[in-house]
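Student: Here you go, upload04.txt (compact mmCIF, C-alpha atoms and all ligand atoms):
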# COMPACT_ATOMS: atom_id res chain seq x y z
CA MET A 1 3.21 16.00 -17.77
CA GLY A 2 2.45 12.53 -19.06
CA TRP A 3 2.81 9.09 -17.52
CA GLY A 4 4.00 8.64 -13.95
CA ILE A 5 4.30 6.19 -11.08
CA ILE A 6 4.64 6.78 -7.33
CA SER A 7 5.12 4.17 -4.60
CA THR A 8 5.34 4.04 -0.82
CA TRP A 9 8.64 3.17 0.88
CA GLU A 10 12.14 2.56 -0.45
CA MET A 11 11.44 -1.18 -0.78
CA ALA A 12 9.44 -0.23 -3.90
CA HIS A 13 12.50 1.19 -5.72
CA GLU A 14 13.17 -1.82 -7.95
CA GLY A 15 9.47 -2.39 -8.56
CA THR A 16 8.91 1.25 -9.44
CA LYS A 17 11.79 1.09 -11.94
CA LYS A 18 10.13 -1.91 -13.52
CA GLY A 19 6.74 -0.18 -13.60
CA ALA A 20 8.30 2.96 -15.07
CA SER A 21 9.98 1.05 -17.87
CA ILE A 22 6.63 -0.53 -18.77
CA LEU A 23 5.02 2.93 -18.95
CA LYS A 24 7.97 4.41 -20.84
CA ASN A 25 7.60 1.73 -23.50
CA GLY A 26 3.93 2.54 -24.01
CA GLY A 27 2.65 -0.12 -21.62
CA LYS A 28 -0.47 0.31 -19.52
CA ALA A 29 -0.92 1.28 -15.90
CA PRO A 30 -2.53 -2.03 -14.76
CA GLU A 31 0.60 -3.91 -15.78
CA ALA A 32 2.96 -1.25 -14.42
CA VAL A 33 1.30 -1.25 -11.00
CA THR A 34 0.98 -5.02 -10.64
CA GLU A 35 4.56 -5.64 -11.81
CA ALA A 36 5.85 -3.01 -9.36
CA ILE A 37 3.98 -4.60 -6.47
CA LYS A 38 4.84 -8.18 -7.45
CA GLU A 39 8.52 -7.25 -7.31
CA VAL A 40 8.08 -6.34 -3.62
CA GLU A 41 5.77 -9.28 -2.84
CA ASN A 42 8.28 -11.76 -4.27
CA ASN A 43 11.28 -10.41 -2.37
CA PRO A 44 11.65 -12.21 0.99
CA GLU A 45 13.94 -9.44 2.28
CA TYR A 46 10.91 -7.15 2.63
CA VAL A 47 9.24 -8.51 5.71
CA SER A 48 6.01 -6.54 5.64
CA VAL A 49 4.71 -7.56 2.20
CA GLY A 50 4.05 -10.87 0.41
CA PHE A 51 6.57 -13.73 0.62
CA GLY A 52 8.34 -13.47 3.96
CA GLY A 53 5.68 -11.12 5.37
CA LEU A 54 5.42 -10.81 9.13
CA PRO A 55 3.09 -13.31 10.82
CA ASN A 56 0.04 -12.72 12.98
CA GLU A 57 -0.03 -13.62 16.68
CA ASN A 58 -0.40 -17.32 15.84
CA GLY A 59 2.67 -17.30 13.62
CA ASP A 60 0.64 -17.43 10.37
CA VAL A 61 1.23 -15.03 7.47
CA GLU A 62 -2.12 -13.45 6.51
CA LEU A 63 -1.95 -11.01 3.62
CA ASP A 64 -4.10 -8.08 2.47
CA ALA A 65 -4.25 -6.36 -0.93
CA GLY A 66 -6.41 -3.92 -2.89
CA TYR A 67 -6.60 -2.87 -6.54
CA MET A 68 -8.65 -0.19 -8.30
CA ASN A 69 -8.99 0.80 -11.94
CA GLY A 70 -9.88 4.48 -12.22
CA ASP A 71 -11.39 4.14 -15.71
CA THR A 72 -14.30 2.04 -14.49
CA LEU A 73 -14.00 2.38 -10.68
CA SER A 74 -13.68 -1.41 -10.64
CA ALA A 75 -12.11 -2.48 -7.36
CA GLY A 76 -11.05 -5.81 -5.92
CA MET A 77 -9.98 -6.52 -2.37
CA THR A 78 -8.64 -9.45 -0.40
CA GLY A 79 -7.80 -9.79 3.27
CA ALA A 80 -6.30 -12.31 5.69
CA VAL A 81 -5.50 -14.62 2.80
CA LYS A 82 -2.88 -17.34 3.26
CA ASN A 83 -0.66 -19.25 0.86
CA ILE A 84 -1.17 -17.15 -2.26
CA LYS A 85 2.02 -15.95 -3.92
CA ASN A 86 0.76 -12.63 -5.28
CA PRO A 87 -2.17 -11.11 -3.36
CA VAL A 88 -2.18 -8.07 -5.67
CA ILE A 89 -3.04 -10.32 -8.63
CA LEU A 90 -5.81 -11.88 -6.57
CA ALA A 91 -7.17 -8.36 -5.88
CA LYS A 92 -6.91 -7.48 -9.58
CA ASN A 93 -8.83 -10.65 -10.51
CA LEU A 94 -11.53 -9.74 -8.00
CA SER A 95 -11.79 -6.24 -9.51
CA GLU A 96 -12.92 -7.89 -12.74
CA GLU A 97 -15.92 -9.51 -11.02
CA ARG A 98 -19.39 -7.94 -10.93
CA PHE A 99 -20.20 -9.49 -7.52
CA ASN A 100 -18.05 -10.84 -4.67
CA ILE A 101 -15.28 -8.26 -5.11
CA PHE A 102 -13.99 -8.47 -1.52
CA LEU A 103 -12.98 -11.96 -0.38
CA THR A 104 -11.14 -12.91 2.78
CA GLY A 105 -9.50 -15.97 4.35
CA LYS A 106 -10.36 -19.41 3.05
CA GLY A 107 -12.85 -18.10 0.46
CA ALA A 108 -10.18 -15.85 -1.04
CA GLU A 109 -7.69 -18.72 -1.16
CA LYS A 110 -10.25 -20.99 -2.85
CA TYR A 111 -11.07 -18.31 -5.45
CA ALA A 112 -7.38 -17.67 -6.16
CA LEU A 113 -6.66 -21.36 -6.73
CA GLU A 114 -9.70 -21.66 -8.99
CA LYS A 115 -8.30 -18.76 -11.02
CA GLY A 116 -5.00 -20.62 -11.34
CA LEU A 117 -2.96 -18.31 -9.11
CA GLU A 118 0.18 -19.80 -7.64
CA LYS A 119 0.07 -21.34 -4.16
CA ARG A 120 3.03 -20.75 -1.89
CA ASN A 121 3.88 -21.05 1.78
CA MET A 122 4.54 -17.37 2.51
CA LEU A 123 6.40 -17.88 5.80
CA THR A 124 10.19 -17.69 5.49
CA GLU A 125 12.77 -18.71 8.05
CA LYS A 126 13.67 -15.05 8.51
CA SER A 127 10.09 -14.06 9.36
CA GLU A 128 9.61 -17.09 11.60
CA ASN A 129 12.73 -16.15 13.57
CA GLU A 130 11.52 -12.55 13.80
CA TYR A 131 8.22 -13.90 15.16
CA LYS A 132 9.91 -16.11 17.78
CA ARG A 133 12.06 -13.18 18.90
CA ARG A 134 9.03 -10.90 19.12
CA VAL A 135 7.03 -13.43 21.16
CA GLU A 136 9.90 -13.54 23.62
CA ASP A 137 10.33 -9.74 23.73
CA VAL A 138 6.61 -9.17 24.17
CA SER A 139 6.47 -11.69 27.00
CA LYS A 140 9.25 -9.69 28.68
CA LYS A 141 7.23 -6.53 27.90
CA LEU A 142 10.12 -4.95 26.00
CA LEU A 143 8.04 -4.12 22.95
CA SER A 144 4.59 -3.32 21.76
CA PRO A 145 3.35 -6.34 19.79
CA TYR A 146 2.27 -4.13 16.89
CA GLU A 147 5.54 -2.43 16.00
CA GLY A 148 6.72 -3.42 12.53
CA HIS A 149 4.52 -2.91 9.50
CA ASP A 150 4.62 -1.19 6.10
CA THR A 151 2.51 -1.39 2.97
CA VAL A 152 3.62 -1.17 -0.61
CA GLY A 153 1.13 1.13 -2.32
CA VAL A 154 1.48 2.24 -5.94
CA VAL A 155 -0.37 4.78 -8.08
CA ALA A 156 0.33 5.03 -11.81
CA VAL A 157 -1.05 6.93 -14.77
CA ASP A 158 -0.25 5.79 -18.30
CA ASN A 159 -0.19 7.49 -21.70
CA PHE A 160 -3.90 6.72 -22.08
CA SER A 161 -4.70 8.62 -18.83
CA THR A 162 -5.75 5.45 -17.01
CA VAL A 163 -5.13 5.76 -13.28
CA ILE A 164 -4.55 2.61 -11.21
CA ALA A 165 -4.00 2.39 -7.43
CA ALA A 166 -3.10 -0.79 -5.55
CA THR A 167 -1.68 -2.01 -2.24
CA SER A 168 -0.19 -5.14 -0.67
CA THR A 169 0.85 -5.85 2.93
CA SER A 170 1.07 -8.37 5.74
CA GLY A 171 -0.47 -5.66 7.97
CA LEU A 172 0.48 -5.26 11.60
CA PHE A 173 3.07 -7.68 12.95
CA MET A 174 1.46 -9.93 15.61
CA LYS A 175 -2.03 -8.82 14.64
CA LYS A 176 -5.06 -10.86 15.74
CA GLU A 177 -6.08 -13.65 13.42
CA GLY A 178 -8.46 -12.20 10.80
CA ARG A 179 -7.50 -8.56 11.47
CA LEU A 180 -7.80 -6.26 8.46
CA GLY A 181 -6.30 -2.81 8.17
CA ASP A 182 -6.85 -0.04 5.64
CA SER A 183 -4.82 -1.61 2.82
CA PRO A 184 -7.61 -3.83 1.41
CA VAL A 185 -10.32 -1.25 2.13
CA ILE A 186 -11.38 0.90 -0.82
CA GLY A 187 -11.13 4.61 -0.07
CA SER A 188 -8.89 4.02 2.95
CA GLY A 189 -5.80 2.19 1.65
CA PHE A 190 -6.27 3.12 -2.00
CA TYR A 191 -8.52 4.97 -4.43
CA ALA A 192 -8.39 5.79 -8.15
CA ASP A 193 -10.56 7.80 -10.50
CA SER A 194 -9.08 8.43 -13.95
CA ASP A 195 -11.00 11.74 -14.20
CA THR A 196 -8.89 13.01 -11.29
CA GLY A 197 -6.06 10.77 -10.02
CA GLY A 198 -5.23 8.21 -7.37
CA ALA A 199 -3.88 7.89 -3.83
CA VAL A 200 -2.55 5.16 -1.54
CA ALA A 201 -1.81 5.15 2.18
CA THR A 202 0.47 3.49 4.70
CA GLY A 203 0.62 3.67 8.48
CA LEU A 204 -1.70 2.56 11.25
CA GLY A 205 -4.68 1.05 9.45
CA GLU A 206 -6.99 1.48 12.44
CA ASP A 207 -6.52 5.27 12.18
CA LEU A 208 -6.19 5.60 8.38
CA MET A 209 -9.63 4.01 8.00
CA LYS A 210 -11.21 6.60 10.30
CA GLY A 211 -10.53 9.29 7.68
CA CYS A 212 -11.03 7.30 4.44
CA ILE A 213 -7.73 8.98 3.70
CA SER A 214 -7.14 7.86 0.09
CA TYR A 215 -10.62 8.87 -1.03
CA GLU A 216 -10.24 12.16 0.79
CA THR A 217 -6.94 12.88 -0.99
CA VAL A 218 -8.49 12.18 -4.40
CA ARG A 219 -11.54 14.26 -3.47
CA LEU A 220 -9.31 17.23 -2.67
CA MET A 221 -7.59 16.86 -6.06
CA LYS A 222 -11.02 16.73 -7.69
CA GLU A 223 -11.86 19.99 -5.93
CA GLY A 224 -8.90 21.54 -7.73
CA LYS A 225 -6.03 21.07 -5.29
CA LYS A 226 -2.61 20.17 -6.66
CA PRO A 227 -1.51 16.69 -5.49
CA GLN A 228 1.03 18.01 -2.95
CA GLU A 229 -1.55 20.30 -1.40
CA ALA A 230 -4.17 17.53 -1.37
CA ALA A 231 -1.82 15.10 0.41
CA GLU A 232 -0.84 17.73 2.99
CA ILE A 233 -4.41 18.79 3.74
CA ALA A 234 -5.68 15.20 3.98
CA VAL A 235 -2.92 14.06 6.35
CA LYS A 236 -2.95 17.21 8.51
CA ASN A 237 -6.76 17.21 8.84
CA LEU A 238 -6.94 13.55 9.86
CA ASP A 239 -4.03 13.91 12.26
CA LYS A 240 -5.71 16.92 13.90
CA LYS A 241 -9.15 15.31 14.04
CA LEU A 242 -7.76 12.17 15.69
CA THR A 243 -5.65 14.18 18.11
CA ASP A 244 -8.58 16.43 19.07
CA LYS A 245 -11.07 13.62 19.48
CA ARG A 246 -8.87 10.79 20.75
CA GLY A 247 -5.76 12.44 22.21
CA LYS A 248 -3.39 10.99 19.61
CA SER A 249 -2.99 9.89 16.02
CA GLY A 250 -1.21 6.86 14.61
CA ASP A 251 1.19 7.06 11.67
CA ILE A 252 -0.42 8.49 8.54
CA SER A 253 1.42 8.68 5.19
CA VAL A 254 -0.06 9.26 1.75
CA VAL A 255 1.26 9.41 -1.81
CA CYS A 256 -0.86 10.53 -4.74
CA MET A 257 -0.74 11.39 -8.43
CA ASN A 258 -3.19 13.24 -10.63
CA ARG A 259 -4.20 12.22 -14.14
CA TYR A 260 -1.49 14.48 -15.58
CA GLY A 261 1.30 12.66 -13.73
CA GLU A 262 1.82 15.42 -11.13
CA TRP A 263 2.45 13.95 -7.70
CA GLY A 264 2.29 14.68 -4.00
CA ALA A 265 3.22 13.01 -0.70
CA PHE A 266 2.86 13.81 2.97
CA SER A 267 3.29 12.15 6.34
CA ASN A 268 2.82 12.90 10.03
CA THR A 269 5.74 10.57 10.89
CA ARG A 270 9.34 11.58 11.55
CA GLU A 271 10.50 9.99 8.33
CA PHE A 272 8.66 8.49 5.39
CA LYS A 273 10.35 7.45 2.14
CA PHE A 274 8.77 7.02 -1.27
CA VAL A 275 9.76 6.52 -4.91
CA VAL A 276 8.61 8.51 -7.93
CA CYS A 277 9.21 8.32 -11.65
CA CYS A 278 7.66 10.67 -14.20
CA GLU A 279 8.01 10.90 -17.95
CA GLY A 280 11.44 12.21 -18.92
CA LYS A 281 12.98 11.41 -15.51
CA GLU A 282 14.71 8.54 -13.73
CA PRO A 283 13.06 6.88 -10.69
CA GLU A 284 14.03 8.88 -7.61
CA ILE A 285 13.77 8.27 -3.88
CA TYR A 286 12.37 11.05 -1.71
CA LYS A 287 11.58 11.38 1.94
CA ILE A 288 9.26 13.46 4.04
CA GLU A 289 11.22 14.64 7.04
CA ASP A 290 9.86 17.20 9.47
CA TYR A 291 6.96 17.77 7.09
CA LYS A 292 9.23 18.66 4.17
CA VAL A 293 9.70 16.80 0.88
CA ILE A 294 13.41 16.08 0.39
CA LYS A 295 15.08 14.32 -2.54
CA ILE A 296 17.59 11.71 -1.39
N1 LIG B 1 -1.60 0.21 6.90
C1 LIG B 1 -1.15 -1.13 7.14
C2 LIG B 1 -2.09 -1.82 8.07
O1 LIG B 1 -2.56 -1.21 9.01
C3 LIG B 1 0.24 -1.21 7.68
C4 LIG B 1 1.22 -0.18 7.13
O2 LIG B 1 1.00 0.37 6.09
O3 LIG B 1 2.24 0.08 7.78
O4 LIG B 1 -2.35 -2.99 7.90
Give the structure from the file, written as structure tokens.

Tutor:
Amino acid sequence: MGWGIISTWEMAHEGTKKGASILKNGGKAPEAVTEAIKEVENNPEYVSVGFGGLPNENGDVELDAGYMNGDTLSAGMTGAVKNIKNPVILAKNLSEERFNIFLTGKGAEKYALEKGLEKRNMLTEKSENEYKRRVEDVSKKLLSPYEGHDTVGVVAVDNFSTVIAATSTSGLFMKKEGRLGDSPVIGSGFYADSDTGGAVATGLGEDLMKGCISYETVRLMKEGKKPQEAAEIAVKNLDKKLTDKRGKSGDISVVCMNRYGEWGAFSNTREFKFVVCCEGKEPEIYKIEDYKVIKI
């Protein structure tokens, strides 16, 4: 038990390594989490986060991010923001404000530029081509417009028992202009309380929000559940509730870590990968397959 970092999806492997080395060298969780996420945001190969993220239905890249510091419960959120290189840093900046902690669209962009954050056209040729292909496929009714999305979410605890949770995503591919999912919504996409731990989610935002899934996972840990049990109960309960009340549930995946660096992960999807590194160990990739946690 000690420091630890856990991240959604394999795309976070390099970032998680970077975050882990910060924690290993006595660094703090805010830096570990933001460096881990920036690594994914800056890589154009990952088409669902940051630079090269997948566009909305108009062909514009609109990005969402959230950040929470569990020591103070300070949270910052941004949604549908364009042209800002690192949305997670924008969210972190907002978390330091007393008022106006959730900014979207043009207001978020203006605030980011005032704070000196870097401006960048986030659309890459790769994502633009993906968009053109999708427009064609959708017009031929070969595909649902919303297939293709993933969020990088990271929870870390440092040697000072500070818990940070943060997210970054381009949301659903071909989403409506201005659409926000769970990722920038406190309690849904992310939650952190250093007295207990933190959680982040990925999947269909419209359904994840209906269960405030990240808050619920942290609440279960606060009640005394181990992180693995908390993740399993939170995902299974929301999946069942949605299925009972609405006939089906979208994808729901959660990773979490308590203040002691113990972790958990669960998913109702066929396969969900995540990356973990704890004190004394190397960063490792795991997957949830058929409801079981398997080390890759
Ligand atoms: N939860 C994100 C959203 O709905 C997408 C994802 O994590 O796959 O915007």

Student: Taking 3 positions as the minimum chain separation for residues in the same chain, which residues sit within 7 Å of segment 156-173 of chain A when counting all atoms listed in the file? Answer as a PyMOL selection string.

Tutor: chain A and resi 2-6+23+26+28-30+33+48-50+53-56+61-71+87-88+145-153+181+183+190-194+197-200+259+261

Student: In terms of the shortest atom-to-atom distance over all atoms listed in the file, which of A:Glu114, A:Glu130, A:Asp239, A:Glu229 is closest to Ala265 of chain A?

Tutor: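 Counting all atoms listed in the file, the residue closest to Ala265 of chain A is A:Glu229.
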
Student: Please, what distance in Å, to one decimal, runs between atom CA of Ala32 of chain A and atom CA of Lys18 of chain A?

Tutor: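 These two atoms are separated by 7.3 Å.
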
Student: How many Å lie between atom CA of Thr8 of chain A and atom CA of Thr72 of chain A, rounded to one decimal?

Tutor: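 Atom CA of Thr72 of chain A lies 24.0 Å from atom CA of Thr8 of chain A.
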
Student: Neighbours of Trp9 of chain A within 7 Å (all atoms listed in the file; same-chain residues fewer than 4 positions away dropped), as a ChimeraX atom specification?

Tutor: /A:152,272-275

Student: Given the choices A:Met221, A:Leu208, A:Val293, A:Ile37, which gets closest to ligand LIG 1 (chain B) if the distance is worked out from only C-alpha atoms and all ligand atoms?

Tutor: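 Using only C-alpha atoms and all ligand atoms, the shortest distance to ligand LIG 1 (chain B) belongs to A:Leu208.
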
Student: Could you work out how far atom C1 of ligand LIG 1 (chain B) lies from atom CA of Trp263 of chain A, giving the answer in Å with one decimal?

Tutor: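 Answer for the atom CA of Trp263 of chain A to atom C1 of ligand LIG 1 (chain B) separation: 21.5 Å.
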
Student: Can you pull out the residues contacting segment 92-104 of chain A? Cut-off 6 Å, using all atoms listed in the file, and skip same-chain residues under 6 positions away; I want them as a list in words.

Tutor: Tyr67, Ser74, Ala75, Gly76, Met77, Thr78, Gly79, Ala80 and Val81 of chain A

Student: Produce the centre coordinates and the three edge lengths, each in Å to one decimal, of the box along x, y and z that contains all listed atoms of segment 183-191 of chain A with 4 Å added on each side, as JSON.

Tutor:
{"center_x": -8.1, "center_y": 0.6, "center_z": -0.7, "size_x": 14.6, "size_y": 16.8, "size_z": 15.4}

Student: For Gly178 of chain A, which of A:Thr34, A:Ile296, A:Lys106, A:Cys277 is the closest residue, counting only C-alpha atoms?

Tutor: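 Under the stated criterion, the closest residue is A:Lys106.
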
Student: In terms of the shortest atom-to-atom distance over only C-alpha atoms and all ligand atoms, which of A:Thr243, A:Ser188, A:Thr202, A:Thr217 is closest to ligand LIG 1 (chain B)?

Tutor: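 So, comparing all the options, the nearest one is A:Thr202.
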
Student: Pick the closest to Met122 of chain A from A:Gly107, A:Gly15, A:Gly52, A:Gly224: which is it, counting all atoms listed in the file?

Tutor: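 Among the listed residues, A:Gly52 lies closest to Met122 of chain A.
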
Student: Would you fill the gaps in segment 234-245 of chain A so it has all heavy atoms, then print it as a PDB file, keeping the file's coordinate frame?

Tutor:
ATOM      1  N   ALA A 234      -5.043  16.443   3.521  1.00  0.00           N
ATOM      2  CA  ALA A 234      -5.680  15.200   3.980  1.00  0.00           C
ATOM      3  C   ALA A 234      -4.986  14.652   5.228  1.00  0.00           C
ATOM      4  O   ALA A 234      -5.642  14.274   6.206  1.00  0.00           O
ATOM      5  CB  ALA A 234      -5.664  14.167   2.853  1.00  0.00           C
ATOM      6  N   VAL A 235      -3.654  14.624   5.203  1.00  0.00           N
ATOM      7  CA  VAL A 235      -2.920  14.060   6.350  1.00  0.00           C
ATOM      8  C   VAL A 235      -3.060  14.979   7.574  1.00  0.00           C
ATOM      9  O   VAL A 235      -3.352  14.507   8.682  1.00  0.00           O
ATOM     10  CB  VAL A 235      -1.421  13.853   5.993  1.00  0.00           C
ATOM     11  CG1 VAL A 235      -0.616  13.459   7.231  1.00  0.00           C
ATOM     12  CG2 VAL A 235      -1.286  12.780   4.908  1.00  0.00           C
ATOM     13  N   LYS A 236      -2.873  16.284   7.364  1.00  0.00           N
ATOM     14  CA  LYS A 236      -2.950  17.210   8.510  1.00  0.00           C
ATOM     15  C   LYS A 236      -4.344  17.202   9.134  1.00  0.00           C
ATOM     16  O   LYS A 236      -4.486  17.200  10.353  1.00  0.00           O
ATOM     17  CB  LYS A 236      -2.599  18.627   8.065  1.00  0.00           C
ATOM     18  CG  LYS A 236      -1.094  18.852   7.926  1.00  0.00           C
ATOM     19  CD  LYS A 236      -0.813  20.289   7.561  1.00  0.00           C
ATOM     20  CE  LYS A 236       0.666  20.503   7.320  1.00  0.00           C
ATOM     21  NZ  LYS A 236       0.949  21.762   6.607  1.00  0.00           N
ATOM     22  N   ASN A 237      -5.391  17.198   8.294  1.00  0.00           N
ATOM     23  CA  ASN A 237      -6.760  17.210   8.840  1.00  0.00           C
ATOM     24  C   ASN A 237      -7.056  15.959   9.649  1.00  0.00           C
ATOM     25  O   ASN A 237      -7.642  16.031  10.723  1.00  0.00           O
ATOM     26  CB  ASN A 237      -7.794  17.325   7.712  1.00  0.00           C
ATOM     27  CG  ASN A 237      -7.919  18.745   7.200  1.00  0.00           C
ATOM     28  OD1 ASN A 237      -7.323  19.669   7.746  1.00  0.00           O
ATOM     29  ND2 ASN A 237      -8.669  18.922   6.128  1.00  0.00           N
ATOM     30  N   LEU A 238      -6.644  14.790   9.128  1.00  0.00           N
ATOM     31  CA  LEU A 238      -6.940  13.550   9.860  1.00  0.00           C
ATOM     32  C   LEU A 238      -6.131  13.488  11.151  1.00  0.00           C
ATOM     33  O   LEU A 238      -6.657  13.106  12.208  1.00  0.00           O
ATOM     34  CB  LEU A 238      -6.676  12.319   8.975  1.00  0.00           C
ATOM     35  CG  LEU A 238      -6.985  10.975   9.635  1.00  0.00           C
ATOM     36  CD1 LEU A 238      -8.431  10.894  10.151  1.00  0.00           C
ATOM     37  CD2 LEU A 238      -6.713   9.813   8.674  1.00  0.00           C
ATOM     38  N   ASP A 239      -4.881  13.897  11.065  1.00  0.00           N
ATOM     39  CA  ASP A 239      -4.030  13.910  12.260  1.00  0.00           C
ATOM     40  C   ASP A 239      -4.665  14.797  13.340  1.00  0.00           C
ATOM     41  O   ASP A 239      -4.776  14.420  14.505  1.00  0.00           O
ATOM     42  CB  ASP A 239      -2.630  14.410  11.885  1.00  0.00           C
ATOM     43  CG  ASP A 239      -1.701  14.488  13.076  1.00  0.00           C
ATOM     44  OD1 ASP A 239      -1.773  15.488  13.824  1.00  0.00           O
ATOM     45  OD2 ASP A 239      -0.922  13.544  13.291  1.00  0.00           O
ATOM     46  N   LYS A 240      -5.132  15.963  12.936  1.00  0.00           N
ATOM     47  CA  LYS A 240      -5.710  16.920  13.900  1.00  0.00           C
ATOM     48  C   LYS A 240      -7.028  16.382  14.478  1.00  0.00           C
ATOM     49  O   LYS A 240      -7.254  16.429  15.682  1.00  0.00           O
ATOM     50  CB  LYS A 240      -5.945  18.269  13.209  1.00  0.00           C
ATOM     51  CG  LYS A 240      -6.459  19.328  14.178  1.00  0.00           C
ATOM     52  CD  LYS A 240      -6.517  20.704  13.567  1.00  0.00           C
ATOM     53  CE  LYS A 240      -6.950  21.763  14.578  1.00  0.00           C
ATOM     54  NZ  LYS A 240      -7.987  21.385  15.514  1.00  0.00           N
ATOM     55  N   LYS A 241      -7.853  15.848  13.603  1.00  0.00           N
ATOM     56  CA  LYS A 241      -9.150  15.310  14.040  1.00  0.00           C
ATOM     57  C   LYS A 241      -8.940  14.196  15.072  1.00  0.00           C
ATOM     58  O   LYS A 241      -9.582  14.165  16.118  1.00  0.00           O
ATOM     59  CB  LYS A 241      -9.882  14.784  12.802  1.00  0.00           C
ATOM     60  CG  LYS A 241     -11.260  14.291  12.968  1.00  0.00           C
ATOM     61  CD  LYS A 241     -12.295  15.345  13.125  1.00  0.00           C
ATOM     62  CE  LYS A 241     -12.982  15.771  11.858  1.00  0.00           C
ATOM     63  NZ  LYS A 241     -13.985  16.812  12.098  1.00  0.00           N
ATOM     64  N   LEU A 242      -8.014  13.283  14.775  1.00  0.00           N
ATOM     65  CA  LEU A 242      -7.760  12.170  15.690  1.00  0.00           C
ATOM     66  C   LEU A 242      -7.179  12.672  17.003  1.00  0.00           C
ATOM     67  O   LEU A 242      -7.531  12.202  18.086  1.00  0.00           O
ATOM     68  CB  LEU A 242      -6.817  11.148  15.038  1.00  0.00           C
ATOM     69  CG  LEU A 242      -7.379  10.370  13.837  1.00  0.00           C
ATOM     70  CD1 LEU A 242      -6.268   9.613  13.114  1.00  0.00           C
ATOM     71  CD2 LEU A 242      -8.473   9.393  14.275  1.00  0.00           C
ATOM     72  N   THR A 243      -6.273  13.647  16.901  1.00  0.00           N
ATOM     73  CA  THR A 243      -5.650  14.180  18.110  1.00  0.00           C
ATOM     74  C   THR A 243      -6.693  14.906  18.964  1.00  0.00           C
ATOM     75  O   THR A 243      -6.744  14.723  20.187  1.00  0.00           O
ATOM     76  CB  THR A 243      -4.481  15.134  17.729  1.00  0.00           C
ATOM     77  OG1 THR A 243      -3.630  14.438  16.826  1.00  0.00           O
ATOM     78  CG2 THR A 243      -3.663  15.555  18.935  1.00  0.00           C
ATOM     79  N   ASP A 244      -7.539  15.701  18.318  1.00  0.00           N
ATOM     80  CA  ASP A 244      -8.580  16.430  19.070  1.00  0.00           C
ATOM     81  C   ASP A 244      -9.578  15.479  19.726  1.00  0.00           C
ATOM     82  O   ASP A 244      -9.958  15.655  20.869  1.00  0.00           O
ATOM     83  CB  ASP A 244      -9.381  17.356  18.133  1.00  0.00           C
ATOM     84  CG  ASP A 244      -8.557  18.553  17.680  1.00  0.00           C
ATOM     85  OD1 ASP A 244      -7.462  18.767  18.235  1.00  0.00           O
ATOM     86  OD2 ASP A 244      -9.004  19.267  16.749  1.00  0.00           O
ATOM     87  N   LYS A 245      -9.995  14.482  18.974  1.00  0.00           N
ATOM     88  CA  LYS A 245     -11.070  13.620  19.480  1.00  0.00           C
ATOM     89  C   LYS A 245     -10.589  12.459  20.331  1.00  0.00           C
ATOM     90  O   LYS A 245     -11.330  11.924  21.131  1.00  0.00           O
ATOM     91  CB  LYS A 245     -11.879  13.044  18.305  1.00  0.00           C
ATOM     92  CG  LYS A 245     -12.746  14.068  17.598  1.00  0.00           C
ATOM     93  CD  LYS A 245     -13.672  13.367  16.627  1.00  0.00           C
ATOM     94  CE  LYS A 245     -14.516  14.345  15.847  1.00  0.00           C
ATOM     95  NZ  LYS A 245     -15.530  15.033  16.668  1.00  0.00           N
TER      96      LYS A 245
END
